[in-house]
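One structure is given here, and the rest of the page talks about it.
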Amino acid sequence: MKKIIGLLILIGFIVWACENPLEGFTLRFKEPIEKAKLDIRVYNVSGALPQNIKVSFVGPDSSLVVTNLNTKKFKLNAEGVMIVAVNPEIIPSTERPVRFSVIVDAPGYTRAIKSFIYTSQANKSASFPLFNESTPPSGVSSFETTINTDVTTEQKFTSVQSSKSEQSTVFFRAGTTLKDIEQNTVLGPLNLVMLHFDNRGSTRGFLPVGGVATNPLDTQGKALADPFDLPNIAGFVSIELSNALGQIVKTLSKPLGIKIELNSSTINPTTGKAIQVGESIPICSYDGDKGEWRVEGSATIAKYASNGKLYVQFDASHLSYWIVCWPRSICRKGPTFTFKSQLKNVDLTYYCQLVDASNNKLFREYYLTVNDGSSFTLTFVPKDISNLKMRVFAANNIMGGDRTKIIAESAVVGLCEDKRLQVDVSSLPVPPSVSVAFDIVCPTGKVMDEQALPSQFRIQFSTPDANSWRELLTLTRTSLKATTYKVLQKGTYDFRASTDGGVTWPYKENKKYLNSALITYKIEDKSFCK
């Protein structure tokens, strides 16, 4: 059956280039699964994706995992993306949960593993960072080993990295029983991955969820009054222990000993001076499976007699991130800014600043949607200033503009004041738009069969040859026309399109000059007609 997919600009006909016509043919008839999906993103924290990445599915219900096209042909694309789902014949529930783990391996990189429990058809997403074992990022020590037996004897492991100034050590006590998140016993052989992060340079960027604790707990599991963030850290460690069945150790019957060496130049924010032996530093933990922050107590700084290095040592009852830090109380919720605008459904964001009302110094900056009636609420920010105001500038995230030209400014409001303010950006002109539409061409006597169309047709664009892809829009079988403000008539772009949610992009058109404000995808296919 012949397929013709083209890009019509006025009366010009441009045929999409298909990298693999056979693959494209399959995609036209495979309906992507939209429920109980898992969007997997694998990335190298130090650069390009390594070669020979292996993604495995293990665990009790791993046989129920399929691709989002309902096949078993699992493949990570060149951008590190794989979309899988629970077999659509199975509907997960609390009575019939679906459990499995995803393991990502690459030669020379530490293994990454995450467990998933589906109790509904809600979609999930997960990122899997890969750390090079021999050349990790600056300030990071990466260590992986296999514990060939269960923890029947005391065992000690150190994140040795000759080029790093500090390391971490963990101590498993003899006779420790290991349990997963559902309190099932985890038996060996066991894979241990330990990552040590100092506090130099940009290592703070590796803190989980940006180091912001929105609903933190104390050691007893009781909610703390205020959220906090971690602007000052002395170091932290991530500890991951799992077996080949995909079980991940969460709790231990006997405390795990952790020793974290500290940068002696670290400034204690409470004293304003370099940390000293005998000082106490708070210890926090973050459990990624529960999304749970805890303040776990504190540890006292000690010093090795042999080399003079500073360290803290403490016991841990569970495996996760353990952070030596000074938590800072932050605002849970501040003001809400609502925009009055000529713009409606414009898919651009505009450059905005929050400035200190006392001196106009920058406090925070964002790119925000400023369509009429849209709003932005300030949440989880440090109490560094008393009052602020918002400024909106004549620049957006796609076309750029003048980031010094203020087009609107709000009234002054308290940083932690739960108050709604209007920001009038009516002087901002409506930008030019481009319309994109499907044109289903059927033989005489036939009409379009909506249900036969792909459920979605996702389109991205890039500056020519830059391979810097951005979302343009997504057309669906029930919405065959849309408007975008991200590309300009008389502009030249690379385009690509996908019908499987973005796993593959078989339809491409490079260096396309838009001589019209109307783009039509012409599809001549009898299978889409009835």
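Here's how to read the names in the structure tokens: chain A, B, ... by the order shown, residue numbers from 1 in each chain, ligand numbers from 1 in the order shown.
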
Quick check for you: according to DSSP on this backbone, which residues of stretch 334-510 of chain A are classed as strand (DSSP E or B)? Reply as a tab-separated table (two decimals) with N, CA, C and O atoms, in the first residue's frame.
```
chain	number	residue	atom	x	y	z
A	334	GLY	N	4.44	31.91	48.55
A	334	GLY	CA	4.46	33.36	48.50
A	334	GLY	C	3.33	33.89	47.64
A	334	GLY	O	2.30	33.23	47.48
A	335	PRO	N	3.51	35.05	47.02
A	335	PRO	CA	2.44	35.67	46.23
A	335	PRO	C	2.17	34.95	44.92
A	335	PRO	O	3.01	34.20	44.41
A	336	THR	N	0.97	35.18	44.39
A	336	THR	CA	0.58	34.69	43.07
A	336	THR	C	0.41	35.88	42.13
A	336	THR	O	-0.28	36.85	42.48
A	337	PHE	N	1.04	35.81	40.96
A	337	PHE	CA	0.96	36.88	39.97
A	337	PHE	C	0.08	36.40	38.82
A	337	PHE	O	0.36	35.36	38.20
A	338	THR	N	-1.00	37.14	38.53
A	338	THR	CA	-1.92	36.81	37.44
A	338	THR	C	-1.76	37.85	36.33
A	338	THR	O	-1.71	39.05	36.61
A	339	PHE	N	-1.71	37.37	35.08
A	339	PHE	CA	-1.40	38.25	33.96
A	339	PHE	C	-2.67	38.71	33.23
A	339	PHE	O	-3.56	37.90	32.94
A	340	LYS	N	-2.72	40.01	32.95
A	340	LYS	CA	-3.72	40.59	32.06
A	340	LYS	C	-3.03	40.84	30.74
A	340	LYS	O	-2.03	41.56	30.68
A	350	TYR	N	7.83	34.17	28.40
A	350	TYR	CA	8.49	35.48	28.38
A	350	TYR	C	9.40	35.64	29.60
A	350	TYR	O	9.10	35.14	30.70
A	351	TYR	N	10.49	36.36	29.38
A	351	TYR	CA	11.49	36.56	30.43
A	351	TYR	C	10.93	37.46	31.53
A	351	TYR	O	10.44	38.56	31.26
A	352	CYS	N	11.00	36.97	32.78
A	352	CYS	CA	10.48	37.71	33.93
A	352	CYS	C	11.52	37.70	35.05
A	352	CYS	O	12.30	36.75	35.18
A	353	GLN	N	11.50	38.74	35.84
A	353	GLN	CA	12.38	38.84	37.00
A	353	GLN	C	11.56	39.12	38.25
A	353	GLN	O	10.56	39.83	38.20
A	354	LEU	N	12.02	38.56	39.36
A	354	LEU	CA	11.57	38.98	40.68
A	354	LEU	C	12.73	39.75	41.28
A	354	LEU	O	13.86	39.23	41.36
A	355	VAL	N	12.49	41.00	41.68
A	355	VAL	CA	13.56	41.85	42.19
A	355	VAL	C	13.23	42.30	43.61
A	355	VAL	O	12.06	42.40	44.01
A	356	ASP	N	14.29	42.53	44.38
A	356	ASP	CA	14.16	43.08	45.72
A	356	ASP	C	13.56	44.48	45.61
A	356	ASP	O	14.12	45.35	44.95
A	362	LEU	N	18.31	41.72	41.38
A	362	LEU	CA	17.68	40.47	40.95
A	362	LEU	C	17.63	39.46	42.09
A	362	LEU	O	18.63	39.19	42.75
A	363	PHE	N	16.44	38.86	42.29
A	363	PHE	CA	16.25	37.80	43.28
A	363	PHE	C	16.07	36.45	42.59
A	363	PHE	O	16.72	35.47	42.93
A	364	ARG	N	15.19	36.38	41.61
A	364	ARG	CA	14.96	35.17	40.81
A	364	ARG	C	14.59	35.59	39.39
A	364	ARG	O	14.09	36.68	39.16
A	365	GLU	N	14.84	34.69	38.43
A	365	GLU	CA	14.43	34.95	37.05
A	365	GLU	C	13.81	33.71	36.46
A	365	GLU	O	14.20	32.59	36.79
A	366	TYR	N	12.83	33.90	35.59
A	366	TYR	CA	12.05	32.80	35.02
A	366	TYR	C	11.65	33.15	33.58
A	366	TYR	O	11.67	34.32	33.19
A	367	TYR	N	11.26	32.11	32.83
A	367	TYR	CA	10.50	32.30	31.60
A	367	TYR	C	9.10	31.77	31.88
A	367	TYR	O	8.92	30.59	32.23
A	368	LEU	N	8.10	32.65	31.76
A	368	LEU	CA	6.74	32.31	32.17
A	368	LEU	C	5.74	32.51	31.04
A	368	LEU	O	5.93	33.36	30.17
A	375	SER	N	-1.27	32.38	35.51
A	375	SER	CA	-0.72	32.85	36.77
A	375	SER	C	0.54	32.08	37.15
A	375	SER	O	0.81	30.99	36.63
A	376	PHE	N	1.29	32.67	38.05
A	376	PHE	CA	2.51	32.06	38.57
A	376	PHE	C	2.55	32.28	40.08
A	376	PHE	O	2.39	33.41	40.55
A	377	THR	N	2.73	31.20	40.84
A	377	THR	CA	2.81	31.29	42.29
A	377	THR	C	4.23	31.01	42.74
A	377	THR	O	4.83	30.01	42.34
A	378	LEU	N	4.75	31.87	43.56
A	378	LEU	CA	6.10	31.72	44.09
A	378	LEU	C	6.08	30.74	45.25
A	378	LEU	O	5.35	30.93	46.23
A	379	THR	N	6.86	29.67	45.16
A	379	THR	CA	6.89	28.66	46.21
A	379	THR	C	8.32	28.24	46.50
A	379	THR	O	9.20	28.28	45.64
A	380	PHE	N	8.56	27.83	47.72
A	380	PHE	CA	9.81	27.22	48.17
A	380	PHE	C	11.04	28.06	47.80
A	380	PHE	O	11.94	27.59	47.11
A	381	VAL	N	11.05	29.29	48.26
A	381	VAL	CA	12.19	30.19	48.02
A	381	VAL	C	12.77	30.64	49.35
A	381	VAL	O	12.07	30.74	50.36
A	382	PRO	N	14.09	30.91	49.38
A	382	PRO	CA	14.73	31.34	50.63
A	382	PRO	C	14.27	32.72	51.07
A	382	PRO	O	13.91	33.57	50.24
A	387	ASN	N	10.60	42.15	50.71
A	387	ASN	CA	9.56	42.48	49.74
A	387	ASN	C	10.10	42.40	48.33
A	387	ASN	O	11.31	42.57	48.10
A	388	LEU	N	9.22	42.15	47.39
A	388	LEU	CA	9.65	42.00	46.01
A	388	LEU	C	8.60	42.54	45.06
A	388	LEU	O	7.47	42.87	45.45
A	389	LYS	N	8.95	42.59	43.79
A	389	LYS	CA	8.01	42.90	42.72
A	389	LYS	C	8.43	42.14	41.48
A	389	LYS	O	9.60	41.76	41.33
A	390	MET	N	7.47	41.90	40.59
A	390	MET	CA	7.76	41.18	39.34
A	390	MET	C	7.91	42.17	38.20
A	390	MET	O	7.16	43.14	38.09
A	391	ARG	N	8.87	41.87	37.32
A	391	ARG	CA	9.04	42.62	36.09
A	391	ARG	C	8.96	41.66	34.91
A	391	ARG	O	9.51	40.56	34.95
A	392	VAL	N	8.26	42.08	33.85
A	392	VAL	CA	8.15	41.31	32.61
A	392	VAL	C	8.86	42.08	31.51
A	392	VAL	O	8.69	43.29	31.38
A	393	PHE	N	9.64	41.35	30.70
A	393	PHE	CA	10.49	41.98	29.68
A	393	PHE	C	10.06	41.59	28.28
A	393	PHE	O	9.37	40.58	28.07
A	394	ALA	N	10.51	42.38	27.31
A	394	ALA	CA	10.15	42.17	25.90
A	394	ALA	C	11.06	41.13	25.26
A	394	ALA	O	11.75	41.39	24.27
A	395	ALA	N	11.08	39.92	25.82
A	395	ALA	CA	11.90	38.83	25.28
A	395	ALA	C	11.23	37.51	25.59
A	395	ALA	O	10.65	37.34	26.68
A	396	ASN	N	11.28	36.57	24.65
A	396	ASN	CA	10.70	35.25	24.89
A	396	ASN	C	11.72	34.15	24.66
A	396	ASN	O	12.84	34.39	24.21
A	400	GLY	N	13.82	35.30	21.33
A	400	GLY	CA	14.70	36.24	22.02
A	400	GLY	C	14.02	37.58	22.20
A	400	GLY	O	12.82	37.65	22.45
A	401	GLY	N	14.78	38.66	22.08
A	401	GLY	CA	14.23	40.00	22.27
A	401	GLY	C	15.11	40.82	23.17
A	401	GLY	O	16.29	40.52	23.38
A	402	ASP	N	14.54	41.88	23.74
A	402	ASP	CA	15.29	42.81	24.57
A	402	ASP	C	15.06	42.47	26.05
A	402	ASP	O	14.02	42.78	26.61
A	403	ARG	N	16.05	41.83	26.68
A	403	ARG	CA	15.92	41.44	28.08
A	403	ARG	C	16.20	42.60	29.03
A	403	ARG	O	16.29	42.40	30.25
A	404	THR	N	16.32	43.81	28.50
A	404	THR	CA	16.49	44.99	29.35
A	404	THR	C	15.26	45.90	29.30
A	404	THR	O	15.13	46.82	30.11
A	405	LYS	N	14.35	45.63	28.36
A	405	LYS	CA	13.17	46.49	28.19
A	405	LYS	C	12.01	45.97	29.04
A	405	LYS	O	11.42	44.94	28.75
A	406	ILE	N	11.67	46.71	30.08
A	406	ILE	CA	10.58	46.32	30.97
A	406	ILE	C	9.25	46.74	30.35
A	406	ILE	O	9.05	47.91	30.02
A	407	ILE	N	8.34	45.79	30.22
A	407	ILE	CA	7.03	46.12	29.65
A	407	ILE	C	5.94	46.15	30.72
A	407	ILE	O	4.85	46.66	30.48
A	408	ALA	N	6.23	45.60	31.90
A	408	ALA	CA	5.24	45.62	32.98
A	408	ALA	C	5.94	45.37	34.30
A	408	ALA	O	6.97	44.69	34.37
A	409	GLU	N	5.36	45.92	35.36
A	409	GLU	CA	5.91	45.74	36.71
A	409	GLU	C	4.75	45.65	37.69
A	409	GLU	O	3.77	46.39	37.61
A	413	VAL	N	5.09	43.42	47.10
A	413	VAL	CA	4.41	42.42	47.93
A	413	VAL	C	5.44	41.72	48.79
A	413	VAL	O	6.62	41.63	48.44
A	414	GLY	N	5.03	41.20	49.94
A	414	GLY	CA	5.93	40.47	50.82
A	414	GLY	C	6.35	39.15	50.22
A	414	GLY	O	5.56	38.47	49.56
A	420	ARG	N	-2.66	37.60	45.94
A	420	ARG	CA	-2.76	37.59	44.48
A	420	ARG	C	-2.62	39.02	43.94
A	420	ARG	O	-3.29	39.94	44.42
A	421	LEU	N	-1.75	39.19	42.94
A	421	LEU	CA	-1.54	40.49	42.31
A	421	LEU	C	-1.71	40.36	40.80
A	421	LEU	O	-1.38	39.32	40.21
A	422	GLN	N	-2.19	41.42	40.17
A	422	GLN	CA	-2.31	41.43	38.71
A	422	GLN	C	-1.09	42.12	38.10
A	422	GLN	O	-0.63	43.14	38.60
A	423	VAL	N	-0.62	41.54	37.00
A	423	VAL	CA	0.47	42.15	36.23
A	423	VAL	C	-0.08	42.43	34.83
A	423	VAL	O	-0.45	41.50	34.10
A	424	ASP	N	-0.16	43.69	34.47
A	424	ASP	CA	-0.77	44.09	33.20
A	424	ASP	C	0.29	44.13	32.10
A	424	ASP	O	1.13	45.02	32.06
A	434	VAL	N	1.85	30.58	13.04
A	434	VAL	CA	1.83	29.66	11.91
A	434	VAL	C	0.83	28.57	12.23
A	434	VAL	O	0.82	28.03	13.35
A	435	SER	N	-0.02	28.23	11.29
A	435	SER	CA	-1.01	27.16	11.48
A	435	SER	C	-0.49	25.86	10.89
A	435	SER	O	0.13	25.85	9.82
A	436	VAL	N	-0.74	24.78	11.60
A	436	VAL	CA	-0.31	23.45	11.16
A	436	VAL	C	-1.54	22.55	11.13
A	436	VAL	O	-2.35	22.57	12.07
A	437	ALA	N	-1.70	21.78	10.06
A	437	ALA	CA	-2.91	20.96	9.94
A	437	ALA	C	-2.63	19.66	9.20
A	437	ALA	O	-1.72	19.57	8.36
A	438	PHE	N	-3.41	18.64	9.53
A	438	PHE	CA	-3.47	17.40	8.76
A	438	PHE	C	-4.46	17.62	7.61
A	438	PHE	O	-5.53	18.20	7.81
A	439	ASP	N	-4.14	17.11	6.43
A	439	ASP	CA	-5.08	17.08	5.31
A	439	ASP	C	-5.18	15.64	4.84
A	439	ASP	O	-4.29	15.14	4.16
A	440	ILE	N	-6.24	14.95	5.27
A	440	ILE	CA	-6.44	13.55	4.89
A	440	ILE	C	-7.16	13.50	3.55
A	440	ILE	O	-8.31	13.97	3.44
A	441	VAL	N	-6.49	12.98	2.54
A	441	VAL	CA	-7.04	12.93	1.19
A	441	VAL	C	-7.61	11.53	0.95
A	441	VAL	O	-6.87	10.54	0.98
A	448	MET	N	-12.89	10.49	5.70
A	448	MET	CA	-11.86	10.17	6.68
A	448	MET	C	-12.43	9.33	7.82
A	448	MET	O	-13.51	9.59	8.33
A	456	GLN	N	-1.56	10.26	17.79
A	456	GLN	CA	-0.86	11.54	17.89
A	456	GLN	C	0.22	11.65	16.82
A	456	GLN	O	0.74	10.64	16.34
A	457	PHE	N	0.51	12.85	16.47
A	457	PHE	CA	1.54	13.15	15.49
A	457	PHE	C	2.37	14.29	16.10
A	457	PHE	O	2.01	15.45	16.03
A	458	ARG	N	3.46	13.91	16.76
A	458	ARG	CA	4.28	14.86	17.52
A	458	ARG	C	5.35	15.47	16.60
A	458	ARG	O	6.08	14.74	15.93
A	459	ILE	N	5.44	16.79	16.61
A	459	ILE	CA	6.34	17.50	15.70
A	459	ILE	C	7.32	18.35	16.50
A	459	ILE	O	6.94	19.04	17.44
A	460	GLN	N	8.60	18.29	16.12
A	460	GLN	CA	9.64	19.11	16.73
A	460	GLN	C	10.35	19.91	15.65
A	460	GLN	O	10.30	19.56	14.46
A	461	PHE	N	11.05	20.96	16.07
A	461	PHE	CA	11.80	21.78	15.12
A	461	PHE	C	13.16	22.12	15.71
A	461	PHE	O	13.39	22.02	16.92
A	462	SER	N	14.07	22.53	14.82
A	462	SER	CA	15.43	22.89	15.23
A	462	SER	C	15.99	23.93	14.28
A	462	SER	O	15.58	24.01	13.11
A	470	ARG	N	13.32	21.14	19.65
A	470	ARG	CA	12.35	21.69	20.59
A	470	ARG	C	10.95	21.26	20.16
A	470	ARG	O	10.69	21.04	18.97
A	471	GLU	N	10.07	21.17	21.15
A	471	GLU	CA	8.69	20.80	20.84
A	471	GLU	C	8.03	21.91	20.03
A	471	GLU	O	8.12	23.09	20.38
A	472	LEU	N	7.37	21.52	18.94
A	472	LEU	CA	6.57	22.47	18.17
A	472	LEU	C	5.11	22.34	18.62
A	472	LEU	O	4.55	23.24	19.22
A	473	LEU	N	4.54	21.17	18.37
A	473	LEU	CA	3.18	20.88	18.84
A	473	LEU	C	2.88	19.41	18.59
A	473	LEU	O	3.65	18.69	17.96
A	474	THR	N	1.74	18.98	19.09
A	474	THR	CA	1.27	17.61	18.88
A	474	THR	C	-0.14	17.66	18.33
A	474	THR	O	-1.05	18.23	18.95
A	475	LEU	N	-0.33	17.08	17.15
A	475	LEU	CA	-1.65	16.94	16.56
A	475	LEU	C	-2.21	15.57	16.95
A	475	LEU	O	-1.46	14.61	17.09
A	476	THR	N	-3.52	15.50	17.12
A	476	THR	CA	-4.17	14.24	17.47
A	476	THR	C	-5.29	13.95	16.49
A	476	THR	O	-5.69	14.82	15.71
A	479	SER	N	-7.94	16.40	16.89
A	479	SER	CA	-7.55	17.81	16.74
A	479	SER	C	-6.51	17.88	15.64
A	479	SER	O	-5.31	17.77	15.88
A	481	LYS	N	-5.77	20.31	13.58
A	481	LYS	CA	-5.22	21.61	13.23
A	481	LYS	C	-4.82	22.32	14.51
A	481	LYS	O	-5.50	22.24	15.53
A	482	ALA	N	-3.69	23.01	14.47
A	482	ALA	CA	-3.21	23.75	15.64
A	482	ALA	C	-2.43	24.97	15.18
A	482	ALA	O	-2.00	25.06	14.02
A	483	THR	N	-2.24	25.88	16.11
A	483	THR	CA	-1.50	27.10	15.83
A	483	THR	C	-0.30	27.19	16.77
A	483	THR	O	-0.40	26.87	17.95
A	484	THR	N	0.82	27.62	16.22
A	484	THR	CA	2.03	27.79	17.02
A	484	THR	C	2.65	29.15	16.74
A	484	THR	O	2.49	29.71	15.64
A	492	THR	N	13.67	29.50	8.23
A	492	THR	CA	14.16	28.20	7.76
A	492	THR	C	14.44	27.32	8.96
A	492	THR	O	15.15	27.74	9.90
A	493	TYR	N	13.93	26.08	8.93
A	493	TYR	CA	14.03	25.18	10.08
A	493	TYR	C	14.22	23.74	9.62
A	493	TYR	O	13.88	23.38	8.49
A	494	ASP	N	14.72	22.91	10.52
A	494	ASP	CA	14.63	21.47	10.38
A	494	ASP	C	13.40	21.01	11.16
A	494	ASP	O	13.11	21.52	12.24
A	495	PHE	N	12.66	20.05	10.58
A	495	PHE	CA	11.49	19.49	11.24
A	495	PHE	C	11.63	17.99	11.34
A	495	PHE	O	12.28	17.34	10.50
A	496	ARG	N	11.03	17.41	12.37
A	496	ARG	CA	10.92	15.95	12.45
A	496	ARG	C	9.60	15.61	13.14
A	496	ARG	O	9.05	16.42	13.89
A	497	ALA	N	9.11	14.41	12.85
A	497	ALA	CA	7.81	14.01	13.39
A	497	ALA	C	7.84	12.56	13.84
A	497	ALA	O	8.59	11.74	13.32
A	498	SER	N	7.01	12.28	14.84
A	498	SER	CA	6.92	10.94	15.42
A	498	SER	C	5.47	10.58	15.67
A	498	SER	O	4.66	11.44	16.02
A	507	TYR	N	10.20	10.63	10.27
A	507	TYR	CA	9.85	11.62	9.26
A	507	TYR	C	10.62	12.91	9.50
A	507	TYR	O	10.47	13.55	10.55
A	508	LYS	N	11.47	13.28	8.54
A	508	LYS	CA	12.31	14.46	8.71
A	508	LYS	C	12.29	15.32	7.45
A	508	LYS	O	12.17	14.83	6.33
A	509	GLU	N	12.42	16.61	7.67
A	509	GLU	CA	12.54	17.57	6.58
A	509	GLU	C	13.53	18.63	7.03
A	509	GLU	O	13.30	19.35	8.01
A	510	ASN	N	14.66	18.72	6.34
A	510	ASN	CA	15.73	19.62	6.74
A	510	ASN	C	15.72	20.92	5.94
A	510	ASN	O	15.35	20.94	4.76
```

Could you give me, as number ranges by chain, the residues within 6 Å of stretch 314-327 of chain A, counting only C-alpha atoms and dropping anything in the same chain fewer than 2 positions from it? A: 228-230, 232-239, 250-252, 255-258, 282-287

Pick out the residues sitting within 6 Å of A:Asp105, and hand them over as a VMD selection string; count only C-alpha atoms, and ignore anything fewer than 6 positions along from it in its own chain. chain A and resid 53 to 54 111

Expected file contents, prior selection, N, CA, C and O atoms, as a PDB file, in the first residue's frame:
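Now in out02.pdb:
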```
ATOM      1  N   ILE A  53      24.912   0.495  25.676  1.00  0.00           N
ATOM      2  CA  ILE A  53      24.051   0.593  26.860  1.00  0.00           C
ATOM      3  C   ILE A  53      23.039  -0.548  26.830  1.00  0.00           C
ATOM      4  O   ILE A  53      22.400  -0.796  25.811  1.00  0.00           O
ATOM      5  N   LYS A  54      22.895  -1.221  27.951  1.00  0.00           N
ATOM      6  CA  LYS A  54      21.939  -2.321  28.064  1.00  0.00           C
ATOM      7  C   LYS A  54      20.859  -1.948  29.068  1.00  0.00           C
ATOM      8  O   LYS A  54      21.165  -1.581  30.203  1.00  0.00           O
ATOM      9  N   ARG A 111      26.354   1.121  37.413  1.00  0.00           N
ATOM     10  CA  ARG A 111      25.013   0.638  37.089  1.00  0.00           C
ATOM     11  C   ARG A 111      23.959   1.521  37.745  1.00  0.00           C
ATOM     12  O   ARG A 111      24.153   2.047  38.842  1.00  0.00           O
TER      13      ARG A 111
END
```

Could you tell me which of A:Ala305, A:Val66, A:Ile398, A:Val430 comes closest to A:Trp469 if we count only C-alpha atoms?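 For A:Trp469, the nearest of the given residues is A:Ile398.
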
Excluding same-chain residues fewer than 2 positions from A:Trp293, what lies within 10 Å of it counting only C-alpha atoms, as an NGL selection string? :A and (208 or 211-219 or 221 or 223 or 227-228 or 284-288 or 290-291 or 295-296 or 321)

The selected residues should be written to file as a short mmCIF file (atom, residue, chain, number, x, y, z; two decimals), in the first residue's frame (atoms: N, CA, C and O atoms).
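part24.cif, freshly written:
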```
data_model
loop_
_atom_site.label_atom_id
_atom_site.label_comp_id
_atom_site.auth_asym_id
_atom_site.auth_seq_id
_atom_site.Cartn_x
_atom_site.Cartn_y
_atom_site.Cartn_z
N PRO A 208 19.65 15.53 45.08
CA PRO A 208 18.34 15.09 44.56
C PRO A 208 17.32 16.21 44.65
O PRO A 208 17.31 16.99 45.61
N GLY A 211 17.90 19.71 45.97
CA GLY A 211 18.20 19.99 47.37
C GLY A 211 17.10 20.77 48.07
O GLY A 211 17.37 21.44 49.07
N VAL A 212 15.86 20.66 47.57
CA VAL A 212 14.73 21.38 48.18
C VAL A 212 13.80 20.36 48.84
O VAL A 212 13.25 19.47 48.18
N ALA A 213 13.63 20.49 50.15
CA ALA A 213 12.77 19.58 50.91
C ALA A 213 11.42 20.26 51.13
O ALA A 213 11.30 21.15 51.98
N THR A 214 10.42 19.87 50.38
CA THR A 214 9.12 20.55 50.43
C THR A 214 8.27 20.12 51.62
O THR A 214 7.51 20.93 52.17
N ASN A 215 8.39 18.86 52.02
CA ASN A 215 7.62 18.34 53.17
C ASN A 215 8.52 17.46 54.04
O ASN A 215 8.31 16.24 54.15
N PRO A 216 9.53 18.05 54.67
CA PRO A 216 10.52 17.26 55.39
C PRO A 216 9.98 16.69 56.71
O PRO A 216 9.02 17.21 57.29
N LEU A 217 10.63 15.62 57.15
CA LEU A 217 10.28 14.95 58.41
C LEU A 217 11.46 14.98 59.35
O LEU A 217 12.62 15.15 58.93
N ASP A 218 11.17 14.79 60.64
CA ASP A 218 12.27 14.64 61.59
C ASP A 218 12.64 13.16 61.69
O ASP A 218 12.09 12.31 60.98
N THR A 219 13.54 12.82 62.60
CA THR A 219 14.02 11.45 62.72
C THR A 219 12.90 10.48 63.06
O THR A 219 12.93 9.30 62.66
N GLY A 221 9.86 10.69 61.99
CA GLY A 221 8.86 10.66 60.94
C GLY A 221 7.77 11.69 61.08
O GLY A 221 6.76 11.63 60.37
N ALA A 223 6.24 15.52 60.70
CA ALA A 223 6.43 16.63 59.76
C ALA A 223 7.07 17.83 60.45
O ALA A 223 6.66 18.21 61.56
N PRO A 227 9.49 23.99 55.22
CA PRO A 227 10.37 23.36 54.23
C PRO A 227 11.76 23.95 54.34
O PRO A 227 11.98 24.97 55.01
N PHE A 228 12.74 23.31 53.68
CA PHE A 228 14.10 23.85 53.70
C PHE A 228 14.81 23.54 52.40
O PHE A 228 14.38 22.68 51.62
N CYS A 284 21.16 15.01 56.84
CA CYS A 284 19.85 14.83 56.21
C CYS A 284 19.89 13.63 55.28
O CYS A 284 20.96 13.23 54.80
N SER A 285 18.73 13.04 55.02
CA SER A 285 18.64 11.95 54.06
C SER A 285 17.51 12.23 53.08
O SER A 285 16.58 12.98 53.38
N TYR A 286 17.62 11.62 51.88
CA TYR A 286 16.54 11.71 50.90
C TYR A 286 16.30 10.33 50.31
O TYR A 286 17.22 9.70 49.76
N ASP A 287 15.06 9.86 50.42
CA ASP A 287 14.65 8.57 49.86
C ASP A 287 13.89 8.84 48.56
O ASP A 287 12.76 9.34 48.58
N GLY A 288 14.51 8.51 47.42
CA GLY A 288 13.90 8.78 46.12
C GLY A 288 12.64 7.99 45.86
O GLY A 288 11.75 8.46 45.15
N LYS A 290 10.33 7.16 48.02
CA LYS A 290 9.23 7.77 48.77
C LYS A 290 9.13 9.27 48.53
O LYS A 290 8.14 9.89 48.93
N GLY A 291 10.15 9.86 47.89
CA GLY A 291 10.19 11.31 47.76
C GLY A 291 10.25 11.98 49.12
O GLY A 291 9.64 13.02 49.35
N VAL A 295 15.48 15.08 58.44
CA VAL A 295 16.63 15.56 59.21
C VAL A 295 16.95 14.47 60.21
O VAL A 295 16.14 14.16 61.09
N GLU A 296 18.10 13.83 60.04
CA GLU A 296 18.41 12.59 60.76
C GLU A 296 19.22 12.80 62.04
O GLU A 296 19.67 11.84 62.65
N TYR A 321 20.27 8.77 49.74
CA TYR A 321 21.24 9.87 49.81
C TYR A 321 21.41 10.27 51.28
O TYR A 321 20.42 10.45 52.01
#
```

Go through A:Lys344, A:Gly501, A:Val487, A:Thr444 and flag the residue nearest A:Ser516, using only C-alpha atoms for the distances.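 The shortest atom-to-atom distance to A:Ser516 comes from A:Val487.
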
Give me, as a tab-separated table, the closest atom pair and its distance (Å, one decimal) for every residue of stretch 22-89 of chain A within a cut-off of 12 Å of stretch 118-132 of chain A, counting only C-alpha atoms, rows sorted by chain and rising number.
```
residue	atom	partner	partner_atom	distance
A:Ile33	CA	A:Asn123	CA	10.5
A:Glu34	CA	A:Asn123	CA	8.1
A:Lys35	CA	A:Gln121	CA	5.3
A:Ala36	CA	A:Gln121	CA	4.1
A:Lys37	CA	A:Asn123	CA	4.7
A:Leu38	CA	A:Lys124	CA	4.8
A:Asp39	CA	A:Ser125	CA	4.4
A:Ile40	CA	A:Ala126	CA	5.3
A:Arg41	CA	A:Ser127	CA	4.7
A:Val42	CA	A:Phe128	CA	4.7
A:Tyr43	CA	A:Pro129	CA	5.2
A:Asn44	CA	A:Leu130	CA	4.8
A:Val45	CA	A:Leu130	CA	6.1
A:Ser46	CA	A:Phe131	CA	7.4
A:Gly47	CA	A:Leu130	CA	9.9
A:Ala48	CA	A:Leu130	CA	10.5
A:Leu49	CA	A:Leu130	CA	8.6
A:Pro50	CA	A:Leu130	CA	8.9
A:Gln51	CA	A:Leu130	CA	11.9
A:Ile53	CA	A:Leu130	CA	10.0
A:Lys54	CA	A:Leu130	CA	11.9
A:Val55	CA	A:Phe128	CA	10.4
A:Asp61	CA	A:Tyr118	CA	10.3
A:Ser62	CA	A:Tyr118	CA	11.8
A:Leu64	CA	A:Tyr118	CA	11.4
A:Val65	CA	A:Tyr118	CA	11.3
A:Asn68	CA	A:Asn123	CA	11.6
A:Gly80	CA	A:Phe128	CA	9.4
A:Val81	CA	A:Ser127	CA	9.5
A:Met82	CA	A:Ser125	CA	10.3
A:Ile83	CA	A:Ser125	CA	8.9
A:Val84	CA	A:Lys124	CA	10.0
A:Ala85	CA	A:Asn123	CA	8.5
A:Val86	CA	A:Gln121	CA	8.5
A:Asn87	CA	A:Gln121	CA	10.7
A:Pro88	CA	A:Gln121	CA	9.4
A:Glu89	CA	A:Gln121	CA	11.6
```
